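One structure is given here, and the rest of the page talks about it.
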Amino acid sequence: MEELMKHPINFSSSEAPDSGRNHNDSLVVTMAIALPEHEEEEEKPKSVPWALPKILIDGGSSVEILLYETFKKIGLKEKCLIPSTYNIFDFNGSSTFPRGEVTLEISVGKILTSTTFCVVTVVSPSTSILGRSWVHGIKGFASTYHQRLRFPTPNGIVEIIGDSGEAKYCYDMDVRNGENKVNLPKKGKKRAKNAKSQEEIDTYIA
């Protein structure tokens, strides 16, 4: 084990967010992401990292996810994608087949991690999801309660602090998206019922 990995990673109760110790926020952060140099075209200059907000650190996810909308917004092209060979399953058992995979470089502190993302087309307020494999890869520890991600480096323990405002925004949008999924089928049934009732009235009048 390297010396840098022997440093203890601690959290104290006093480091809870100022917004309140009874919060229920997920850990949402902003980090720099770019294409690895070897994946760039020769005629193009070196890639400038994107400061990507709304990255969800999710210890329950076994894969790293990049939303297709994010993929397009940061200027990546379809030719960057390589085929994916497996489905991604949600907690409720529903599956999504990725549009493909792309390898990006994430800058955390002075550490660059080459990370393969599954690019998926789903509705989410997050731009991407970093799962436990990425957290384990940097030998880090994420605390949603303390709203911090800490990991060892040659220069000591480094931390990334979560954005509680972005976390609340993502939560509110998730709730709205969930309500829309529930209400849309109900509205469809109601429209169908109203249409049938109107058809019966028209038939009676005729």
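Naming scheme: A, B, ... for chains in displayed order of the structure tokens; residues 1 onward per chain; ligands 1 onward as shown.
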
Let's see if you can do this: from backbone DSSP, list all strand (DSSP E or B) residues in region 106-146 of chain A, as a PyMOL selection string. chain A and resi 106-108+111-120+128-130+141-143

Excluding same-chain residues fewer than 5 positions from Leu27 (chain A), what lies within 7 Å of it counting only C-alpha atoms, as a PDB file with N, CA and C atoms, in the first residue's frame?
ATOM      1  N   LEU A  56     -23.780  13.713  -9.713  1.00  0.00           N
ATOM      2  CA  LEU A  56     -24.264  12.986  -8.546  1.00  0.00           C
ATOM      3  C   LEU A  56     -23.271  11.899  -8.146  1.00  0.00           C
ATOM      4  N   ILE A  57     -22.805  11.942  -6.900  1.00  0.00           N
ATOM      5  CA  ILE A  57     -21.960  10.882  -6.360  1.00  0.00           C
ATOM      6  C   ILE A  57     -22.885   9.851  -5.717  1.00  0.00           C
ATOM      7  N   THR A 144     -22.578  11.746   2.438  1.00  0.00           N
ATOM      8  CA  THR A 144     -23.693  12.623   2.072  1.00  0.00           C
ATOM      9  C   THR A 144     -24.071  13.519   3.247  1.00  0.00           C
ATOM     10  N   GLN A 147     -21.622  16.181   3.307  1.00  0.00           N
ATOM     11  CA  GLN A 147     -21.581  16.813   1.992  1.00  0.00           C
ATOM     12  C   GLN A 147     -20.144  17.010   1.509  1.00  0.00           C
ATOM     13  N   GLY A 162     -19.829  19.299  -1.562  1.00  0.00           N
ATOM     14  CA  GLY A 162     -21.077  19.244  -2.315  1.00  0.00           C
ATOM     15  C   GLY A 162     -21.779  20.590  -2.354  1.00  0.00           C
ATOM     16  N   ALA A 167     -28.136  20.197  -5.070  1.00  0.00           N
ATOM     17  CA  ALA A 167     -28.742  18.950  -4.580  1.00  0.00           C
ATOM     18  C   ALA A 167     -30.244  19.125  -4.394  1.00  0.00           C
TER      19      ALA A 167
END

Which of region 47-170 of chain A end up as helix (DSSP H, G or I) when DSSP is run on this backbone - answer as a ChimeraX atom specification? /A:68-73,78-80,132-137,164-170

Can you write out as JSON lines which residues of region 156-177 of chain A fall within 8 Å of region 111-126 of chain A, alongside each residue's closest atom pair and its distance in Å to one decimal, counting only C-alpha atoms and ordering rows by chain and ascending residue number?
{"residue": "A:Tyr169", "atom": "CA", "partner": "A:Pro125", "partner_atom": "CA", "distance": 7.9}
{"residue": "A:Cys170", "atom": "CA", "partner": "A:Pro125", "partner_atom": "CA", "distance": 5.2}
{"residue": "A:Met173", "atom": "CA", "partner": "A:Pro125", "partner_atom": "CA", "distance": 6.2}
{"residue": "A:Asp174", "atom": "CA", "partner": "A:Ser124", "partner_atom": "CA", "distance": 6.9}
{"residue": "A:Asn177", "atom": "CA", "partner": "A:Val123", "partner_atom": "CA", "distance": 7.8}

For region 77-86 of chain A, list every protein, DNA or RNA residue within 12 Å, evaluated using only C-alpha atoms, and leave out those in the same chain fewer than 5 positions away; present the list as a list in words.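 The neighbour list is Leu35, Pro36, His38, Glu39, Glu40, Glu41, Val63, Leu66, Tyr68, Glu69, Thr70, Phe71, Lys72, Ser95, Thr96, Phe97, Pro98, Arg99, Gly100, Glu101, Val102, Thr103, Leu104, Thr116, Phe117, Cys118, Val119 and Val120 of chain A.
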
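Shortest separation to Asp172 (chain A) among A:Glu2, A:Asp25, A:Glu37, A:Asp18 occurs at residue A:Asp25, atoms counted being only C-alpha atoms.
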
With only C-alpha atoms as the basis for distance, which of A:Glu3, A:Glu15, A:Glu159, A:Asp58 is at the shortest distance from Trp134 (chain A)? A:Asp58

Selection: 10 Å around Pro17 (chain A), only C-alpha atoms, excl. self and same-chain fewer than 4 positions, as number ranges by chain: A: 13, 21-23, 145-148, 161-164

In terms of the shortest atom-to-atom distance over only C-alpha atoms, which of A:Glu166, A:Asn87, A:Gly131, A:Gly75 is closest to Ser26 (chain A)? A:Glu166

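The space between CA of Ala51 (chain A) and CA of Asn24 (chain A) spans 25.3 Å.
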